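Peer 1: One structure, pasted below without further comment.
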Amino acid sequence: MSESPVSTGESTATVSSGSAAGAVTRARAGVARWRWAVAGLLLLAAVYAPFQLVPFHVFQLTMVLVYALALLGLNLLVGHAGQISLGHGAFFAVGAYATAIPLARWDVPHLLTLPIAAGAAFLLGLALGLPAMRLRGLYLALVTLAIAIFLVPLLKRFEEVTGGSMGLTLPKPAPPAWTGLAEDQWLYFLALAVALVAFGLAAGLLRSRVGRALHAIRDNEAAAEVMGVRLSYYKTLAFAWSALFAGAAGCVYTWVIGFVSPDSFVVTLSITLLAGIVVGGLGSQAGPLFGALFVMFVPSISQDVNKAAPGVIFGLLIIAVMYVAPTGLAGLAGRAADSLKKTLRKG
């Protein structure tokens with residue numbers, strides 16, 4: 001008995017659909033394996049680096065991790081939730097002072113200051129998230145900018161607590177004897193451990209229902225609200241989580257530098273962090289790391305190129321990078337990796 005044309009067509013379509021689905025699954029698995037391999041190699045390099053570099057370069061890498069932590073929070077807010085912030089340096093400062101004050105006044109153990117700093121910044125983020133429920137765009141940017149502007153004189157005013165303009169000098173975490181590590185190496189590994197935990201938490205958050213809601217708000221707030229996303233709740237949550245990571249960065253910064261002063265957290269810091277995440281790549285997983293490298297090394301390069309006008313060189317470099325890589329350095333690296341894979345396949 002011959003098979004009807006209809007059933008034959010349906011069978012062919014089913015096979016084609018199954019083949020396409022299988023190809024997509026295999027492609028995704030290949031991308032996942034490639035990403036894990038790259039992440040593993042980077043982690044090995046990160047662990048190996050402090051044993052091969054001089055202390056100053058180890059310090060620079062440690063600061064890259066600190067900035068990556070801060071930019072991780074800013075990427076969550078701006079890149080994934082679509083909310084503009086010009087006051088991220090304020091969260092960073094709150095984390096730094098929430099670490100410095102317990103260390104200086106009450107001799108609290110260093111590791112205990114990390115949840116204190118993250119919690120204090122989280123609460124400030126919740127408070128700042130309240131106006132985010134009603135504001136957007138430039139109006140929201142102005143509110144966050146105002147926070148960054150008045151924080152510095154506020155820190156100077158309460159001199160008996162914050163140390164005023166003179167700041168606070170603090171002890172750095174001492175490496176345990178059993179590690180055999182120098183102080184710079186120990187601080188580096190502390191920063192690396194905090195960064196790994198933070199990046200893991202952020203990745204889990206973005207894969208959850210919260211991440212999907214933030215992406216919906218970023219893409220279209222009206223459509224997200226129609227689908228049942230509570231805009232006020234998730235916007236406030238985005239500010240709070242963003243502040244938490246910035247507060248953790250401020251804590252590690254205080255451990256590494258051993259000194260805090262209001263003049264270290266001026267408005268320029270917030271603007272530099274925003275430029276860093278835009279250059280690094282908004283909404284990408286590697287964006288905070290690329291942005292941190294940019295924030296750490298480009299100002300020093302600008303200073304070496306022209307000591308009279310480093311800001312001009314810094315601005316020109318930002319323009320040049322954005323012209324070459326409109327989606328940020330992470331997007332440029334992704335395109336380069338795709339080209340390399342295609343070349344290897346052809347070979």
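Ligands are numbered from 1 in the order shown, chains are lettered A, B, ... in the order of the structure tokens, and residues start at 1 in each chain.
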Would you please give, as a PyMOL selection string, all residues of stretch 242-296 of chain A that DSSP assigns to alpha helix (DSSP H) based on the backbone?
Peer 2: chain A and resi 242-257+267-280+287-296
Peer 1: Keeping only N, CA and C atoms, write the selected residues as a CSV table (one decimal), in the first residue's frame.
Peer 2:
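Below is the file selection.csv, written as the result:
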```csv
chain,number,residue,atom,x,y,z
A,242,SER,N,22.6,46.4,42.1
A,242,SER,CA,23.7,47.2,41.5
A,242,SER,C,24.6,47.8,42.6
A,243,ALA,N,23.9,48.4,43.6
A,243,ALA,CA,24.6,49.0,44.7
A,243,ALA,C,25.3,48.0,45.6
A,244,LEU,N,24.7,46.8,45.7
A,244,LEU,CA,25.4,45.8,46.5
A,244,LEU,C,26.8,45.4,46.0
A,245,PHE,N,26.8,45.2,44.6
A,245,PHE,CA,28.1,44.9,44.0
A,245,PHE,C,29.1,46.1,44.1
A,246,ALA,N,28.6,47.3,44.0
A,246,ALA,CA,29.5,48.5,44.1
A,246,ALA,C,30.0,48.6,45.5
A,247,GLY,N,29.1,48.3,46.5
A,247,GLY,CA,29.5,48.3,47.9
A,247,GLY,C,30.6,47.3,48.2
A,248,ALA,N,30.5,46.1,47.6
A,248,ALA,CA,31.5,45.1,47.8
A,248,ALA,C,32.8,45.5,47.2
A,249,ALA,N,32.7,46.2,46.0
A,249,ALA,CA,33.9,46.8,45.4
A,249,ALA,C,34.6,47.8,46.3
A,250,GLY,N,33.8,48.7,46.9
A,250,GLY,CA,34.3,49.7,47.8
A,250,GLY,C,35.0,49.0,49.0
A,251,CYS,N,34.5,47.9,49.5
A,251,CYS,CA,35.1,47.2,50.6
A,251,CYS,C,36.5,46.7,50.2
A,252,VAL,N,36.5,46.0,49.1
A,252,VAL,CA,37.8,45.4,48.6
A,252,VAL,C,38.8,46.6,48.3
A,253,TYR,N,38.3,47.7,47.8
A,253,TYR,CA,39.2,48.8,47.5
A,253,TYR,C,39.8,49.3,48.8
A,254,THR,N,39.0,49.4,49.9
A,254,THR,CA,39.6,49.8,51.2
A,254,THR,C,40.6,48.8,51.7
A,255,TRP,N,40.4,47.5,51.6
A,255,TRP,CA,41.4,46.6,52.0
A,255,TRP,C,42.7,46.8,51.2
A,256,VAL,N,42.6,47.0,49.9
A,256,VAL,CA,43.8,47.1,49.1
A,256,VAL,C,44.6,48.4,49.3
A,257,ILE,N,43.8,49.5,49.4
A,257,ILE,CA,44.5,50.8,49.5
A,257,ILE,C,44.9,51.1,51.0
A,267,VAL,N,32.6,63.1,41.7
A,267,VAL,CA,31.7,62.8,40.6
A,267,VAL,C,32.4,62.2,39.4
A,268,THR,N,33.7,62.6,39.3
A,268,THR,CA,34.5,62.0,38.1
A,268,THR,C,34.5,60.5,38.2
A,269,LEU,N,34.5,59.9,39.4
A,269,LEU,CA,34.5,58.5,39.5
A,269,LEU,C,33.3,57.9,38.9
A,270,SER,N,32.1,58.4,39.2
A,270,SER,CA,30.9,57.9,38.6
A,270,SER,C,30.9,58.0,37.1
A,271,ILE,N,31.4,59.1,36.6
A,271,ILE,CA,31.4,59.3,35.1
A,271,ILE,C,32.4,58.3,34.5
A,272,THR,N,33.5,58.1,35.1
A,272,THR,CA,34.5,57.2,34.6
A,272,THR,C,34.0,55.7,34.6
A,273,LEU,N,33.3,55.4,35.7
A,273,LEU,CA,32.7,54.0,35.7
A,273,LEU,C,31.7,53.8,34.6
A,274,LEU,N,30.8,54.8,34.4
A,274,LEU,CA,29.8,54.7,33.3
A,274,LEU,C,30.5,54.6,32.0
A,275,ALA,N,31.6,55.4,31.7
A,275,ALA,CA,32.3,55.3,30.5
A,275,ALA,C,33.0,53.9,30.4
A,276,GLY,N,33.4,53.4,31.5
A,276,GLY,CA,34.1,52.1,31.5
A,276,GLY,C,33.1,51.0,31.0
A,277,ILE,N,31.9,50.9,31.5
A,277,ILE,CA,31.0,49.9,31.2
A,277,ILE,C,30.5,50.0,29.8
A,278,VAL,N,30.3,51.3,29.3
A,278,VAL,CA,29.9,51.5,27.9
A,278,VAL,C,31.0,51.0,27.0
A,279,VAL,N,32.3,51.3,27.3
A,279,VAL,CA,33.4,50.9,26.5
A,279,VAL,C,33.6,49.4,26.6
A,280,GLY,N,33.4,48.9,27.8
A,280,GLY,CA,33.6,47.4,27.9
A,280,GLY,C,32.5,46.6,27.2
A,287,GLY,N,31.8,42.4,29.7
A,287,GLY,CA,31.9,43.8,29.6
A,287,GLY,C,32.5,44.4,30.9
A,288,PRO,N,32.2,44.0,32.1
A,288,PRO,CA,32.8,44.6,33.3
A,288,PRO,C,34.3,44.4,33.3
A,289,LEU,N,34.8,43.2,32.9
A,289,LEU,CA,36.2,43.0,32.9
A,289,LEU,C,36.9,43.8,31.9
A,290,PHE,N,36.4,43.9,30.7
A,290,PHE,CA,37.1,44.8,29.7
A,290,PHE,C,37.0,46.2,30.1
A,291,GLY,N,35.9,46.6,30.7
A,291,GLY,CA,35.7,48.0,31.2
A,291,GLY,C,36.7,48.3,32.3
A,292,ALA,N,36.9,47.3,33.2
A,292,ALA,CA,37.8,47.5,34.3
A,292,ALA,C,39.3,47.7,33.8
A,293,LEU,N,39.6,46.9,32.8
A,293,LEU,CA,41.0,47.1,32.2
A,293,LEU,C,41.1,48.5,31.6
A,294,PHE,N,40.1,49.0,31.0
A,294,PHE,CA,40.1,50.3,30.4
A,294,PHE,C,40.2,51.4,31.4
A,295,VAL,N,39.4,51.3,32.5
A,295,VAL,CA,39.4,52.3,33.6
A,295,VAL,C,40.7,52.3,34.3
A,296,MET,N,41.4,51.1,34.4
A,296,MET,CA,42.6,51.0,35.2
A,296,MET,C,43.8,51.6,34.4
```
Peer 1: Write out as a count of residues only which residues come within 8 Å of A:Pro173 when counting only C-alpha atoms, dropping same-chain ones fewer than 6 positions away.
Peer 2: 4
Peer 1: Which residue is closest to A:Leu123? Choose from A:Val298, A:Ala213, A:Val38, A:Trp241 and count only C-alpha atoms.
Peer 2: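 The answer is A:Trp241, which sits nearest to A:Leu123.
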Peer 1: Pick the closest to A:Gly311 from A:Pro299, A:Val54, A:Gly95, A:Arg230: which is it, counting only C-alpha atoms?
Peer 2: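 Among the listed residues, A:Pro299 lies closest to A:Gly311.
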Peer 1: Using only C-alpha atoms, determine which residues lie at most 12 Å from A:Leu205, disregarding the query and same-chain residues fewer than 3 positions distant; provide the list as a PyMOL selection string.
Peer 2: chain A and resi 73+76+80+198-202+208-215+237-238+241-242
Peer 1: Go ahead and dump the residues you just picked, N, CA, C and O atoms, as a PDB file, in the first residue's frame.
Peer 2:
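For reference, part-v6.pdb as written:
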```
ATOM      1  N   GLY A  73      28.023  45.641  38.888  1.00  0.00           N
ATOM      2  CA  GLY A  73      26.760  46.209  39.356  1.00  0.00           C
ATOM      3  C   GLY A  73      26.188  47.226  38.389  1.00  0.00           C
ATOM      4  O   GLY A  73      24.977  47.245  38.130  1.00  0.00           O
ATOM      5  N   LEU A  76      24.595  45.528  35.481  1.00  0.00           N
ATOM      6  CA  LEU A  76      23.283  44.984  35.840  1.00  0.00           C
ATOM      7  C   LEU A  76      22.211  46.055  35.732  1.00  0.00           C
ATOM      8  O   LEU A  76      21.109  45.792  35.216  1.00  0.00           O
ATOM      9  N   HIS A  80      21.474  45.672  31.674  1.00  0.00           N
ATOM     10  CA  HIS A  80      20.416  44.649  31.700  1.00  0.00           C
ATOM     11  C   HIS A  80      19.052  45.216  32.069  1.00  0.00           C
ATOM     12  O   HIS A  80      18.029  44.683  31.632  1.00  0.00           O
ATOM     13  N   ALA A 198      30.964  37.154  43.170  1.00  0.00           N
ATOM     14  CA  ALA A 198      30.045  38.185  42.669  1.00  0.00           C
ATOM     15  C   ALA A 198      29.610  37.885  41.236  1.00  0.00           C
ATOM     16  O   ALA A 198      28.418  38.007  40.905  1.00  0.00           O
ATOM     17  N   PHE A 199      30.541  37.496  40.372  1.00  0.00           N
ATOM     18  CA  PHE A 199      30.188  37.187  38.992  1.00  0.00           C
ATOM     19  C   PHE A 199      29.279  35.958  38.936  1.00  0.00           C
ATOM     20  O   PHE A 199      28.372  35.891  38.098  1.00  0.00           O
ATOM     21  N   GLY A 200      29.509  34.990  39.826  1.00  0.00           N
ATOM     22  CA  GLY A 200      28.618  33.835  39.881  1.00  0.00           C
ATOM     23  C   GLY A 200      27.211  34.216  40.319  1.00  0.00           C
ATOM     24  O   GLY A 200      26.220  33.737  39.745  1.00  0.00           O
ATOM     25  N   LEU A 201      27.112  35.078  41.335  1.00  0.00           N
ATOM     26  CA  LEU A 201      25.795  35.543  41.789  1.00  0.00           C
ATOM     27  C   LEU A 201      25.067  36.320  40.692  1.00  0.00           C
ATOM     28  O   LEU A 201      23.863  36.135  40.481  1.00  0.00           O
ATOM     29  N   ALA A 202      25.798  37.189  39.992  1.00  0.00           N
ATOM     30  CA  ALA A 202      25.180  37.980  38.924  1.00  0.00           C
ATOM     31  C   ALA A 202      24.694  37.088  37.790  1.00  0.00           C
ATOM     32  O   ALA A 202      23.598  37.293  37.248  1.00  0.00           O
ATOM     33  N   SER A 208      17.690  33.870  36.178  1.00  0.00           N
ATOM     34  CA  SER A 208      16.453  33.632  36.916  1.00  0.00           C
ATOM     35  C   SER A 208      15.316  34.481  36.355  1.00  0.00           C
ATOM     36  O   SER A 208      15.466  35.212  35.367  1.00  0.00           O
ATOM     37  N   ARG A 209      14.188  34.395  37.025  1.00  0.00           N
ATOM     38  CA  ARG A 209      13.025  35.199  36.640  1.00  0.00           C
ATOM     39  C   ARG A 209      13.316  36.689  36.729  1.00  0.00           C
ATOM     40  O   ARG A 209      12.800  37.484  35.936  1.00  0.00           O
ATOM     41  N   VAL A 210      14.163  37.072  37.692  1.00  0.00           N
ATOM     42  CA  VAL A 210      14.528  38.478  37.846  1.00  0.00           C
ATOM     43  C   VAL A 210      15.240  38.979  36.595  1.00  0.00           C
ATOM     44  O   VAL A 210      14.944  40.076  36.082  1.00  0.00           O
ATOM     45  N   GLY A 211      16.168  38.198  36.086  1.00  0.00           N
ATOM     46  CA  GLY A 211      16.895  38.601  34.890  1.00  0.00           C
ATOM     47  C   GLY A 211      15.978  38.762  33.689  1.00  0.00           C
ATOM     48  O   GLY A 211      16.115  39.730  32.916  1.00  0.00           O
ATOM     49  N   ARG A 212      15.054  37.834  33.525  1.00  0.00           N
ATOM     50  CA  ARG A 212      14.117  37.939  32.401  1.00  0.00           C
ATOM     51  C   ARG A 212      13.239  39.180  32.539  1.00  0.00           C
ATOM     52  O   ARG A 212      12.929  39.853  31.547  1.00  0.00           O
ATOM     53  N   ALA A 213      12.849  39.498  33.773  1.00  0.00           N
ATOM     54  CA  ALA A 213      12.033  40.699  33.992  1.00  0.00           C
ATOM     55  C   ALA A 213      12.827  41.970  33.689  1.00  0.00           C
ATOM     56  O   ALA A 213      12.311  42.910  33.069  1.00  0.00           O
ATOM     57  N   LEU A 214      14.090  42.000  34.090  1.00  0.00           N
ATOM     58  CA  LEU A 214      14.923  43.170  33.819  1.00  0.00           C
ATOM     59  C   LEU A 214      15.110  43.377  32.320  1.00  0.00           C
ATOM     60  O   LEU A 214      15.073  44.513  31.827  1.00  0.00           O
ATOM     61  N   HIS A 215      15.314  42.295  31.589  1.00  0.00           N
ATOM     62  CA  HIS A 215      15.470  42.408  30.140  1.00  0.00           C
ATOM     63  C   HIS A 215      14.191  42.891  29.482  1.00  0.00           C
ATOM     64  O   HIS A 215      14.227  43.674  28.523  1.00  0.00           O
ATOM     65  N   LEU A 237      14.714  46.754  42.678  1.00  0.00           N
ATOM     66  CA  LEU A 237      15.608  45.621  42.901  1.00  0.00           C
ATOM     67  C   LEU A 237      16.892  45.765  42.097  1.00  0.00           C
ATOM     68  O   LEU A 237      17.983  45.425  42.577  1.00  0.00           O
ATOM     69  N   ALA A 238      16.781  46.291  40.871  1.00  0.00           N
ATOM     70  CA  ALA A 238      17.971  46.484  40.045  1.00  0.00           C
ATOM     71  C   ALA A 238      18.924  47.484  40.692  1.00  0.00           C
ATOM     72  O   ALA A 238      20.147  47.260  40.727  1.00  0.00           O
ATOM     73  N   TRP A 241      20.578  45.685  43.847  1.00  0.00           N
ATOM     74  CA  TRP A 241      21.620  44.713  43.502  1.00  0.00           C
ATOM     75  C   TRP A 241      22.849  45.398  42.917  1.00  0.00           C
ATOM     76  O   TRP A 241      23.989  45.017  43.199  1.00  0.00           O
ATOM     77  N   SER A 242      22.609  46.398  42.086  1.00  0.00           N
ATOM     78  CA  SER A 242      23.726  47.155  41.520  1.00  0.00           C
ATOM     79  C   SER A 242      24.552  47.807  42.627  1.00  0.00           C
ATOM     80  O   SER A 242      25.793  47.762  42.612  1.00  0.00           O
TER      81      SER A 242
END
```
Peer 1: Hey, which of A:Phe122, A:Gly163, A:Ala195, A:Ala177 ends up closest to A:Phe91? Count only C-alpha atoms.
Peer 2: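 Ranked by minimum distance to A:Phe91, first place goes to A:Phe122.
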Peer 1: How many Å lie between atom CA of A:Leu154 and atom CA of A:Leu74, rounded to one decimal?
Peer 2: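 So the two atoms, atom CA of A:Leu154 and atom CA of A:Leu74, lie 23.2 Å apart.
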Peer 1: Just want the 12 Å neighbourhood of A:Gly82, counted on only C-alpha atoms, with same-chain residues fewer than 6 positions away dropped. Output as a compact mmCIF listing (two decimals) with all heavy atoms, in the first residue's frame.
Peer 2:
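Final output, saved to around24.txt:
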```
# COMPACT_ATOMS: atom_id res chain seq x y z
N LEU A 74 27.05 48.06 37.83
CA LEU A 74 26.58 49.07 36.88
C LEU A 74 26.05 48.41 35.60
O LEU A 74 25.07 48.88 35.01
CB LEU A 74 27.71 50.04 36.55
CG LEU A 74 27.33 51.32 35.80
CD1 LEU A 74 26.28 52.10 36.56
CD2 LEU A 74 28.56 52.17 35.55
N ASN A 75 26.67 47.32 35.19
CA ASN A 75 26.19 46.60 34.01
C ASN A 75 24.82 45.99 34.26
O ASN A 75 23.96 45.98 33.38
CB ASN A 75 27.19 45.49 33.65
CG ASN A 75 26.89 44.85 32.31
OD1 ASN A 75 26.53 45.53 31.35
ND2 ASN A 75 27.03 43.56 32.23
N LEU A 76 24.60 45.53 35.48
CA LEU A 76 23.28 44.98 35.84
C LEU A 76 22.21 46.05 35.73
O LEU A 76 21.11 45.79 35.22
CB LEU A 76 23.33 44.43 37.27
CG LEU A 76 22.06 43.79 37.81
CD1 LEU A 76 21.77 42.49 37.09
CD2 LEU A 76 22.20 43.53 39.31
N ALA A 132 13.28 55.85 41.15
CA ALA A 132 13.38 55.18 39.84
C ALA A 132 12.04 54.63 39.40
O ALA A 132 11.82 54.36 38.22
CB ALA A 132 14.41 54.06 39.92
N ARG A 136 12.64 58.31 34.60
CA ARG A 136 13.38 57.56 33.61
C ARG A 136 14.24 58.53 32.79
O ARG A 136 14.05 59.74 32.85
CB ARG A 136 12.44 56.78 32.69
CG ARG A 136 11.56 57.66 31.81
CD ARG A 136 10.63 56.82 30.95
NE ARG A 136 9.64 56.14 31.78
CZ ARG A 136 8.73 55.31 31.29
NH1 ARG A 136 8.70 55.05 30.00
NH2 ARG A 136 7.86 54.72 32.09
N GLY A 137 15.19 58.00 32.05
CA GLY A 137 16.00 58.81 31.16
C GLY A 137 16.82 59.87 31.87
O GLY A 137 17.44 59.62 32.91
N LEU A 140 16.09 60.60 35.66
CA LEU A 140 16.69 59.62 36.57
C LEU A 140 18.20 59.85 36.67
O LEU A 140 18.77 59.76 37.76
CB LEU A 140 16.40 58.21 36.07
CG LEU A 140 16.98 57.06 36.90
CD1 LEU A 140 16.45 57.12 38.33
CD2 LEU A 140 16.65 55.72 36.26
N ALA A 141 18.83 60.16 35.55
CA ALA A 141 20.27 60.43 35.56
C ALA A 141 20.61 61.61 36.46
O ALA A 141 21.60 61.59 37.19
CB ALA A 141 20.77 60.68 34.13
N GLY A 211 16.17 38.20 36.09
CA GLY A 211 16.90 38.60 34.89
C GLY A 211 15.98 38.76 33.69
O GLY A 211 16.12 39.73 32.92
N ALA A 213 12.85 39.50 33.77
CA ALA A 213 12.03 40.70 33.99
C ALA A 213 12.83 41.97 33.69
O ALA A 213 12.31 42.91 33.07
CB ALA A 213 11.53 40.72 35.44
N LEU A 214 14.09 42.00 34.09
CA LEU A 214 14.92 43.17 33.82
C LEU A 214 15.11 43.38 32.32
O LEU A 214 15.07 44.51 31.83
CB LEU A 214 16.29 43.02 34.50
CG LEU A 214 16.29 43.02 36.04
CD1 LEU A 214 17.72 42.88 36.56
CD2 LEU A 214 15.65 44.27 36.59
N HIS A 215 15.31 42.30 31.59
CA HIS A 215 15.47 42.41 30.14
C HIS A 215 14.19 42.89 29.48
O HIS A 215 14.23 43.67 28.52
CB HIS A 215 15.90 41.06 29.56
CG HIS A 215 17.28 40.66 29.94
ND1 HIS A 215 17.74 39.36 29.90
CD2 HIS A 215 18.33 41.40 30.41
CE1 HIS A 215 19.00 39.32 30.30
NE2 HIS A 215 19.38 40.55 30.61
N ALA A 216 13.07 42.44 29.99
CA ALA A 216 11.78 42.90 29.45
C ALA A 216 11.59 44.39 29.69
O ALA A 216 11.13 45.12 28.80
CB ALA A 216 10.64 42.10 30.08
N ILE A 217 11.98 44.86 30.88
CA ILE A 217 11.87 46.29 31.18
C ILE A 217 12.80 47.10 30.30
O ILE A 217 12.44 48.17 29.78
CB ILE A 217 12.18 46.54 32.67
CG1 ILE A 217 11.09 45.91 33.55
CG2 ILE A 217 12.31 48.02 32.97
CD1 ILE A 217 11.41 45.94 35.03
N ARG A 218 14.00 46.59 30.09
CA ARG A 218 14.97 47.29 29.24
C ARG A 218 14.46 47.42 27.80
O ARG A 218 14.58 48.47 27.18
CB ARG A 218 16.30 46.53 29.25
CG ARG A 218 17.37 47.10 28.34
CD ARG A 218 18.51 46.11 28.18
NE ARG A 218 18.07 44.88 27.52
CZ ARG A 218 18.81 43.78 27.41
NH1 ARG A 218 20.03 43.77 27.92
NH2 ARG A 218 18.34 42.70 26.81
N ASP A 219 13.88 46.35 27.29
CA ASP A 219 13.46 46.35 25.88
C ASP A 219 12.22 47.18 25.64
O ASP A 219 12.14 47.93 24.67
CB ASP A 219 13.22 44.90 25.42
CG ASP A 219 14.50 44.07 25.45
OD1 ASP A 219 15.58 44.67 25.40
OD2 ASP A 219 14.41 42.83 25.55
N ASN A 220 11.23 47.07 26.54
CA ASN A 220 9.99 47.84 26.36
C ASN A 220 9.21 47.81 27.66
O ASN A 220 8.62 46.78 28.01
CB ASN A 220 9.15 47.24 25.21
CG ASN A 220 8.02 48.16 24.80
OD1 ASN A 220 7.29 48.70 25.64
ND2 ASN A 220 7.83 48.33 23.50
N GLU A 221 9.19 48.92 28.37
CA GLU A 221 8.53 48.97 29.68
C GLU A 221 7.03 48.74 29.56
O GLU A 221 6.43 48.03 30.38
CB GLU A 221 8.79 50.32 30.36
CG GLU A 221 10.20 50.49 30.87
CD GLU A 221 10.34 51.70 31.76
OE1 GLU A 221 9.31 52.30 32.13
OE2 GLU A 221 11.49 52.05 32.12
N LEU A 231 6.92 46.82 37.36
CA LEU A 231 8.02 47.72 37.03
C LEU A 231 8.67 48.30 38.28
O LEU A 231 9.90 48.33 38.40
CB LEU A 231 7.51 48.86 36.14
CG LEU A 231 6.92 48.47 34.78
CD1 LEU A 231 6.56 49.72 33.99
CD2 LEU A 231 7.87 47.61 33.99
N TYR A 234 10.90 45.65 40.22
CA TYR A 234 12.13 45.19 39.58
C TYR A 234 13.11 46.34 39.34
O TYR A 234 14.32 46.14 39.38
CB TYR A 234 11.80 44.47 38.27
CG TYR A 234 11.25 43.09 38.50
CD1 TYR A 234 9.90 42.81 38.31
CD2 TYR A 234 12.07 42.06 38.94
CE1 TYR A 234 9.38 41.54 38.54
CE2 TYR A 234 11.56 40.79 39.18
CZ TYR A 234 10.22 40.54 38.98
OH TYR A 234 9.72 39.29 39.23
N LYS A 235 12.62 47.56 39.13
CA LYS A 235 13.52 48.70 39.02
C LYS A 235 14.24 48.95 40.34
O LYS A 235 15.45 49.18 40.38
CB LYS A 235 12.75 49.95 38.60
CG LYS A 235 12.40 50.03 37.13
CD LYS A 235 11.74 51.37 36.83
CE LYS A 235 11.43 51.52 35.37
NZ LYS A 235 10.83 52.85 35.08
N ALA A 238 16.78 46.29 40.87
CA ALA A 238 17.97 46.48 40.04
C ALA A 238 18.92 47.48 40.69
O ALA A 238 20.15 47.26 40.73
CB ALA A 238 17.56 46.97 38.66
N PHE A 239 18.40 48.58 41.22
CA PHE A 239 19.25 49.55 41.91
C PHE A 239 19.89 48.94 43.15
O PHE A 239 21.07 49.17 43.43
CB PHE A 239 18.42 50.78 42.31
CG PHE A 239 18.42 51.87 41.28
CD1 PHE A 239 17.41 51.96 40.34
CD2 PHE A 239 19.46 52.78 41.23
CE1 PHE A 239 17.41 52.96 39.39
CE2 PHE A 239 19.48 53.80 40.28
CZ PHE A 239 18.45 53.88 39.35
N LEU A 282 28.01 47.02 27.16
CA LEU A 282 26.79 46.96 27.96
C LEU A 282 26.05 45.65 27.73
O LEU A 282 25.89 45.19 26.60
CB LEU A 282 25.86 48.13 27.59
CG LEU A 282 26.22 49.50 28.15
CD1 LEU A 282 25.33 50.57 27.53
CD2 LEU A 282 26.07 49.52 29.65
N GLY A 283 25.61 45.04 28.83
CA GLY A 283 24.80 43.85 28.74
C GLY A 283 25.55 42.57 28.43
O GLY A 283 24.94 41.51 28.29
```
Peer 1: Kindly give the distance, in Å, that separates atom CA of A:His57 and atom CA of A:Ile318, rounded to a single decimal.
Peer 2: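 Separation of atom CA of A:His57 and atom CA of A:Ile318: 23.6 Å.
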